[in-house]
Every structure is written in C-alpha cells, then in structure tokens.
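Asks: Have a look at this one.
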Amino acid sequence: MMATPYIEFIPKAGACLATTNVIEGRGRVRWMVRRPSQAPADNGWQIMSHIDTSEYLNDSSNWQIIDFNELCAIEPALIGIWDLPVGSDLQLVHDELGIRIVDTATGREVPRDSLYVPPQHRSEPSAPVTGTGGDERPDARQQHLIDVGVAHWRKMVPQDAPLGYRLLPEDDAVAVFHMVRGGGTLYIASDESVLFAPSSVSPDQALEVFRSGRRSDTSKFRAAGS
C-alpha cells in the first residue's frame with residue numbers, strides 16, 4: 001500500500017481488489033470490472049494493469065484489498081467509474097484522443113467530464129441523445145465525435161434539452177442537432193472542428209457548406225443572453 005496519506009475523493013467509497021502491479025506502480029491501470037459485493041465494505045470493483053497476464057490474474061497472491069480512494073490517488077480517472085453498476089466491464093485507453101474509459105463490449109465512452117469529478121459534485125444528468133439511423137450504432141470514434149457535439153450543445157442549451165445525432169460515415173463526421181423547432185445542427189468533422197447550421201438551412205445545403213471546409217468559432221458557443 002502507499003505509505004503517504006491519500007485524499008478521500010468519495011466518502012464511504014469502500015474497498016476493492018487491485019493487482020499488485022497496479023498498487024506498486026509496475027503497470028498502468030487498464031482493466032476495470034465490477035462484480036457483486038462479497039462483504040459490506042466491498043464495492044465490487046476489480047482493477048488490473050496493462051501488464052497483467054491471465055496466469056498472473058489467476059494467482060490470488062497477486063491481488064490485494066485496497067481502499068478505492070487510494071486507487072483514485074494512483075489513477076484519478078477512476079473517480080468517474082465508482083458509481084457505475086455491477087456488471088460494468090471497462091478499459092482505460094491512452095491514445096491520440098487522450099485518456100478515455102470505454103465499455104469493453106461496445107466501445108462507448110464514459111463521459112470525460114465525469115472522469116475526475118466525484119459523484120457528489122456532478123451536475124444533474126443530461127438528457128439522453130437519440131440516434132436517427134435506425135439500427136445503425138456509432139463506433140468508438142463516431143461516439144467520441146457525438147460527445148464533442150453534445151458538449152458544445154450543453155454550452156448553449158439546458159442539460160435536459162433533447163438532442164439527436166446522425167452518422168455521416170461518407171464524410172467521417174457526425175451531425176448532432178437540437179430536437180426542437182428552430183433548433184439547429186452541429187456538424188462535427190474527424191478533426192473535431194465544427195460547423196453550426198441554423199434550422200433555416202436545409203440539411204443538404206448545410207452538408208455542402210460543411211464539405212467546403214467552412215467552420216464555426218466554437219469559442220462563441222454560449223447560452224443565449226450570456
């Protein structure tokens with residue numbers, strides 16, 4: 001265990017299991033699964049490193065009980081997963097997009113604005129974002145672009161405002177729109193640049209402008225009247 005005191009990020013966070021490679025800093029946090037609790041103090045999380053092999057994980061001597069807050073001092077992004085449900089199977093990814101936590105099965109990303117914020121300090125949950133592509137589901141990269149668009153919209157509309165998205169695979173882009181009369185649409189390119197199109201512009205016209213390379217200044221995205 002770490003010799004120095006650690007911050008209590010989450011009150012009564014409980015204890016969990018982590019591999020010695022994680023606790024002693026030999027490996028980076030990579031895999032996180034939440035099992036049913038086995039004791040009142042057990043929150044069910046099991047945390048593994050990127051160098052842990054199946055053989056290593058199968059040896060019980062390579063696991064230690066540790067306070068969840070102490071693990072958050074090792075990897076602060078874990079603050080964002082504490083209240084996710086039993087059955088969660090996640091991985092922490094370091095790539096060109098930065099540090100992300102994604103669902104192992106679907107690739108869906110845990111919202112980045114939750115990763116380092118304890119549950120007691122988070123804002124009210126946002127309204128869900130609805131897709132319009134039938135059975136088509138976004139891949140991990142498309143979901144990231146959707147999240148970028150949603151984050152921009154949340155600067156301009158209330159957290160419970162209804163938003164929808166449309167995948168634009170032929171343009172390596174997505175469209176995220178405000179689902180109200182006169183709402184408007186944000187087109188998000190693969191480089192995360194954005195074009196805002198008001199509802200008075202048809203989707204075909206907006207897409208033509210987007211393809212021409214025109215973009216909006218996102219620093220001007222703010223709530224009306226602010």
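Each chain in the structure tokens gets a letter, A, B, ..., in the order shown, and its residues are numbered from 1; ligands are numbered from 1 in order too.
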Can you check which parts of region 14-37 of chain A lie within 9 Å of region 62-83 of chain A? Per residue, the shortest pair of atoms and distance in Å to one decimal, counting only C-alpha atoms, sorted by chain and number, as CSV.

Replies:
residue,atom,partner,partner_atom,distance
A:Gly14,CA,A:Phe68,CA,6.0
A:Ala15,CA,A:Asp67,CA,4.2
A:Cys16,CA,A:Ile66,CA,5.6
A:Leu17,CA,A:Ile65,CA,4.8
A:Ala18,CA,A:Gln64,CA,5.6
A:Thr19,CA,A:Trp63,CA,4.4
A:Thr20,CA,A:Asn62,CA,5.5
A:Asn21,CA,A:Asn62,CA,7.9
A:Val22,CA,A:Ile74,CA,8.3
A:Ile23,CA,A:Leu71,CA,7.5
A:Gly25,CA,A:Ile74,CA,8.1
A:Arg28,CA,A:Glu75,CA,8.4
A:Val29,CA,A:Glu75,CA,7.0
A:Met32,CA,A:Ile81,CA,9.0

Asks: Could you dump the residues just selected with C-alpha atoms as an mmCIF file, in the first residue's frame?

Replies:
data_model
loop_
_atom_site.group_PDB
_atom_site.id
_atom_site.type_symbol
_atom_site.label_atom_id
_atom_site.label_comp_id
_atom_site.auth_asym_id
_atom_site.auth_seq_id
_atom_site.Cartn_x
_atom_site.Cartn_y
_atom_site.Cartn_z
ATOM 1 C CA GLY A 14 -15.411 1.188 0.175
ATOM 2 C CA ALA A 15 -12.628 -1.227 -0.643
ATOM 3 C CA CYS A 16 -11.929 -3.167 -3.811
ATOM 4 C CA LEU A 17 -9.434 -5.592 -5.292
ATOM 5 C CA ALA A 18 -6.449 -4.489 -7.344
ATOM 6 C CA THR A 19 -3.401 -6.287 -8.623
ATOM 7 C CA THR A 20 -0.021 -5.717 -7.039
ATOM 8 C CA ASN A 21 1.216 -4.411 -10.401
ATOM 9 C CA VAL A 22 -1.294 -1.559 -10.128
ATOM 10 C CA ILE A 23 -0.688 -0.810 -6.455
ATOM 11 C CA GLY A 25 3.133 1.152 -9.970
ATOM 12 C CA ARG A 28 -0.755 1.299 -15.644
ATOM 13 C CA VAL A 29 -4.413 0.849 -14.764
ATOM 14 C CA MET A 32 -11.835 -2.480 -14.539
#

Asks: Using the chain letters and numbers from this document, which residues of region 82-216 of chain A does DSSP assign to strand (DSSP E or B), as a PDB file with N, CA and C atoms, in the first residue's frame?

Replies:
ATOM      1  N   ASP A  89     -17.831  -3.515 -17.365  1.00  0.00           N
ATOM      2  CA  ASP A  89     -16.568  -4.097 -17.849  1.00  0.00           C
ATOM      3  C   ASP A  89     -15.912  -3.038 -18.712  1.00  0.00           C
ATOM      4  N   LEU A  90     -14.872  -2.410 -18.177  1.00  0.00           N
ATOM      5  CA  LEU A  90     -14.307  -1.205 -18.776  1.00  0.00           C
ATOM      6  C   LEU A  90     -12.822  -1.346 -19.027  1.00  0.00           C
ATOM      7  N   GLN A  91     -12.315  -0.471 -19.883  1.00  0.00           N
ATOM      8  CA  GLN A  91     -10.870  -0.373 -20.056  1.00  0.00           C
ATOM      9  C   GLN A  91     -10.467   1.091 -20.154  1.00  0.00           C
ATOM     10  N   LEU A  92      -9.312   1.389 -19.604  1.00  0.00           N
ATOM     11  CA  LEU A  92      -8.755   2.733 -19.664  1.00  0.00           C
ATOM     12  C   LEU A  92      -7.780   2.780 -20.834  1.00  0.00           C
ATOM     13  N   VAL A  93      -8.037   3.702 -21.760  1.00  0.00           N
ATOM     14  CA  VAL A  93      -7.289   3.758 -23.005  1.00  0.00           C
ATOM     15  C   VAL A  93      -6.453   5.033 -23.050  1.00  0.00           C
ATOM     16  N   HIS A  94      -5.177   4.895 -23.354  1.00  0.00           N
ATOM     17  CA  HIS A  94      -4.291   6.025 -23.628  1.00  0.00           C
ATOM     18  C   HIS A  94      -4.026   6.037 -25.136  1.00  0.00           C
ATOM     19  N   ASP A  95      -4.520   7.054 -25.856  1.00  0.00           N
ATOM     20  CA  ASP A  95      -4.276   7.121 -27.296  1.00  0.00           C
ATOM     21  C   ASP A  95      -4.234   8.577 -27.732  1.00  0.00           C
ATOM     22  N   GLY A  98      -6.297  11.112 -25.979  1.00  0.00           N
ATOM     23  CA  GLY A  98      -6.040  11.365 -24.565  1.00  0.00           C
ATOM     24  C   GLY A  98      -6.359  10.150 -23.718  1.00  0.00           C
ATOM     25  N   ILE A  99      -6.743  10.381 -22.465  1.00  0.00           N
ATOM     26  CA  ILE A  99      -7.130   9.304 -21.555  1.00  0.00           C
ATOM     27  C   ILE A  99      -8.640   9.154 -21.620  1.00  0.00           C
ATOM     28  N   ARG A 100      -9.079   7.940 -21.928  1.00  0.00           N
ATOM     29  CA  ARG A 100     -10.522   7.661 -22.028  1.00  0.00           C
ATOM     30  C   ARG A 100     -10.825   6.368 -21.300  1.00  0.00           C
ATOM     31  N   ILE A 101     -12.038   6.260 -20.795  1.00  0.00           N
ATOM     32  CA  ILE A 101     -12.540   4.994 -20.265  1.00  0.00           C
ATOM     33  C   ILE A 101     -13.709   4.575 -21.133  1.00  0.00           C
ATOM     34  N   VAL A 102     -13.625   3.366 -21.664  1.00  0.00           N
ATOM     35  CA  VAL A 102     -14.649   2.892 -22.588  1.00  0.00           C
ATOM     36  C   VAL A 102     -15.184   1.540 -22.139  1.00  0.00           C
ATOM     37  N   ASP A 103     -16.426   1.273 -22.533  1.00  0.00           N
ATOM     38  CA  ASP A 103     -17.027  -0.030 -22.288  1.00  0.00           C
ATOM     39  C   ASP A 103     -16.348  -1.053 -23.186  1.00  0.00           C
ATOM     40  N   GLU A 109     -17.904   5.444 -24.741  1.00  0.00           N
ATOM     41  CA  GLU A 109     -17.013   6.150 -23.821  1.00  0.00           C
ATOM     42  C   GLU A 109     -17.758   6.687 -22.612  1.00  0.00           C
ATOM     43  N   VAL A 129     -29.171  11.250 -25.628  1.00  0.00           N
ATOM     44  CA  VAL A 129     -29.030  11.690 -27.008  1.00  0.00           C
ATOM     45  C   VAL A 129     -29.543  10.579 -27.912  1.00  0.00           C
ATOM     46  N   THR A 130     -30.439  10.918 -28.814  1.00  0.00           N
ATOM     47  CA  THR A 130     -31.143   9.922 -29.613  1.00  0.00           C
ATOM     48  C   THR A 130     -30.572   9.849 -31.014  1.00  0.00           C
ATOM     49  N   GLY A 131     -30.325   8.627 -31.499  1.00  0.00           N
ATOM     50  CA  GLY A 131     -29.869   8.434 -32.868  1.00  0.00           C
ATOM     51  C   GLY A 131     -31.031   8.361 -33.831  1.00  0.00           C
ATOM     52  N   LEU A 163     -31.476  16.158 -27.554  1.00  0.00           N
ATOM     53  CA  LEU A 163     -30.521  16.185 -28.655  1.00  0.00           C
ATOM     54  C   LEU A 163     -30.592  14.874 -29.429  1.00  0.00           C
ATOM     55  N   GLY A 164     -30.289  14.942 -30.700  1.00  0.00           N
ATOM     56  CA  GLY A 164     -30.223  13.747 -31.532  1.00  0.00           C
ATOM     57  C   GLY A 164     -28.965  13.769 -32.367  1.00  0.00           C
ATOM     58  N   TYR A 165     -28.630  12.640 -32.971  1.00  0.00           N
ATOM     59  CA  TYR A 165     -27.446  12.601 -33.823  1.00  0.00           C
ATOM     60  C   TYR A 165     -27.744  11.816 -35.106  1.00  0.00           C
ATOM     61  N   ARG A 166     -26.937  12.103 -36.107  1.00  0.00           N
ATOM     62  CA  ARG A 166     -26.991  11.359 -37.364  1.00  0.00           C
ATOM     63  C   ARG A 166     -25.555  11.065 -37.780  1.00  0.00           C
ATOM     64  N   LEU A 167     -25.265   9.817 -38.124  1.00  0.00           N
ATOM     65  CA  LEU A 167     -23.927   9.439 -38.563  1.00  0.00           C
ATOM     66  C   LEU A 167     -23.740   9.832 -40.022  1.00  0.00           C
ATOM     67  N   LEU A 168     -22.534  10.345 -40.313  1.00  0.00           N
ATOM     68  CA  LEU A 168     -22.185  10.736 -41.686  1.00  0.00           C
ATOM     69  C   LEU A 168     -20.900  10.005 -42.094  1.00  0.00           C
ATOM     70  N   ALA A 173     -17.779  11.935 -40.274  1.00  0.00           N
ATOM     71  CA  ALA A 173     -18.299  13.011 -39.439  1.00  0.00           C
ATOM     72  C   ALA A 173     -19.627  12.567 -38.829  1.00  0.00           C
ATOM     73  N   VAL A 174     -20.141  13.415 -37.946  1.00  0.00           N
ATOM     74  CA  VAL A 174     -21.472  13.205 -37.378  1.00  0.00           C
ATOM     75  C   VAL A 174     -22.183  14.548 -37.317  1.00  0.00           C
ATOM     76  N   ALA A 175     -23.511  14.489 -37.231  1.00  0.00           N
ATOM     77  CA  ALA A 175     -24.319  15.684 -37.007  1.00  0.00           C
ATOM     78  C   ALA A 175     -25.059  15.507 -35.694  1.00  0.00           C
ATOM     79  N   VAL A 176     -25.027  16.519 -34.848  1.00  0.00           N
ATOM     80  CA  VAL A 176     -25.738  16.492 -33.568  1.00  0.00           C
ATOM     81  C   VAL A 176     -26.685  17.692 -33.570  1.00  0.00           C
ATOM     82  N   PHE A 177     -27.978  17.445 -33.362  1.00  0.00           N
ATOM     83  CA  PHE A 177     -28.958  18.505 -33.528  1.00  0.00           C
ATOM     84  C   PHE A 177     -29.842  18.653 -32.298  1.00  0.00           C
ATOM     85  N   HIS A 178     -30.333  19.880 -32.117  1.00  0.00           N
ATOM     86  CA  HIS A 178     -31.249  20.224 -31.036  1.00  0.00           C
ATOM     87  C   HIS A 178     -32.658  19.902 -31.516  1.00  0.00           C
ATOM     88  N   THR A 185     -28.255  22.538 -36.038  1.00  0.00           N
ATOM     89  CA  THR A 185     -27.437  21.321 -36.100  1.00  0.00           C
ATOM     90  C   THR A 185     -25.961  21.674 -36.046  1.00  0.00           C
ATOM     91  N   LEU A 186     -25.208  20.867 -35.306  1.00  0.00           N
ATOM     92  CA  LEU A 186     -23.749  20.963 -35.322  1.00  0.00           C
ATOM     93  C   LEU A 186     -23.203  19.800 -36.146  1.00  0.00           C
ATOM     94  N   TYR A 187     -22.345  20.110 -37.101  1.00  0.00           N
ATOM     95  CA  TYR A 187     -21.644  19.095 -37.889  1.00  0.00           C
ATOM     96  C   TYR A 187     -20.226  19.001 -37.347  1.00  0.00           C
ATOM     97  N   ILE A 188     -19.815  17.823 -36.934  1.00  0.00           N
ATOM     98  CA  ILE A 188     -18.506  17.629 -36.298  1.00  0.00           C
ATOM     99  C   ILE A 188     -17.635  16.788 -37.205  1.00  0.00           C
ATOM    100  N   VAL A 194     -16.021  22.175 -36.075  1.00  0.00           N
ATOM    101  CA  VAL A 194     -17.483  22.167 -36.022  1.00  0.00           C
ATOM    102  C   VAL A 194     -18.071  23.247 -36.926  1.00  0.00           C
ATOM    103  N   LEU A 195     -19.185  22.912 -37.563  1.00  0.00           N
ATOM    104  CA  LEU A 195     -19.993  23.900 -38.276  1.00  0.00           C
ATOM    105  C   LEU A 195     -21.382  23.918 -37.668  1.00  0.00           C
ATOM    106  N   PHE A 196     -21.835  25.104 -37.286  1.00  0.00           N
ATOM    107  CA  PHE A 196     -23.215  25.257 -36.821  1.00  0.00           C
ATOM    108  C   PHE A 196     -24.087  25.671 -37.992  1.00  0.00           C
ATOM    109  N   ALA A 197     -25.207  24.974 -38.164  1.00  0.00           N
ATOM    110  CA  ALA A 197     -26.163  25.301 -39.212  1.00  0.00           C
ATOM    111  C   ALA A 197     -27.512  25.582 -38.560  1.00  0.00           C
TER     112      ALA A 197
END

Asks: Determine, using only C-alpha atoms, which residues of region 189-215 of chain A have any atom at most 10 Å from an atom of region 132-156 of chain A, and tabulate each with its shortest atom pair and distance in Å to one decimal place, rows ordered by chain and then rising number, as CSV.

Replies:
residue,atom,partner,partner_atom,distance
A:Ala189,CA,A:Leu145,CA,7.6
A:Ser190,CA,A:Leu145,CA,7.2
A:Asp191,CA,A:Leu145,CA,8.9
A:Glu192,CA,A:Leu145,CA,6.7
A:Ser193,CA,A:Val148,CA,9.4
A:Val194,CA,A:Gly149,CA,8.0

Asks: Could you work out how far CA of Trp45 (chain A) lies from CA of Arg30 (chain A), giving the answer in Å with one decimal?

Replies: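 Those two atoms sit 13.0 Å apart.
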
Asks: Under the rule that only C-alpha atoms are counted, which of A:Val117, A:Ala223, A:Val86, A:Met48 is the nearest residue to Phe9 (chain A)?

Replies: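 Closest to Phe9 (chain A) of all the choices is A:Val117.
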
Asks: What does the distance between CA of Arg112 (chain A) and CA of Arg181 (chain A) come to in Å, to one decimal place?

Replies: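 Atom-to-atom, CA of Arg112 (chain A) and CA of Arg181 (chain A) are spaced 29.4 Å apart.
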
Asks: I'd like to know which of A:Gly44, A:Gly213, A:Gly27, A:Gly183 is closest to Ala161 (chain A), using only C-alpha atoms.

Replies: A:Gly183
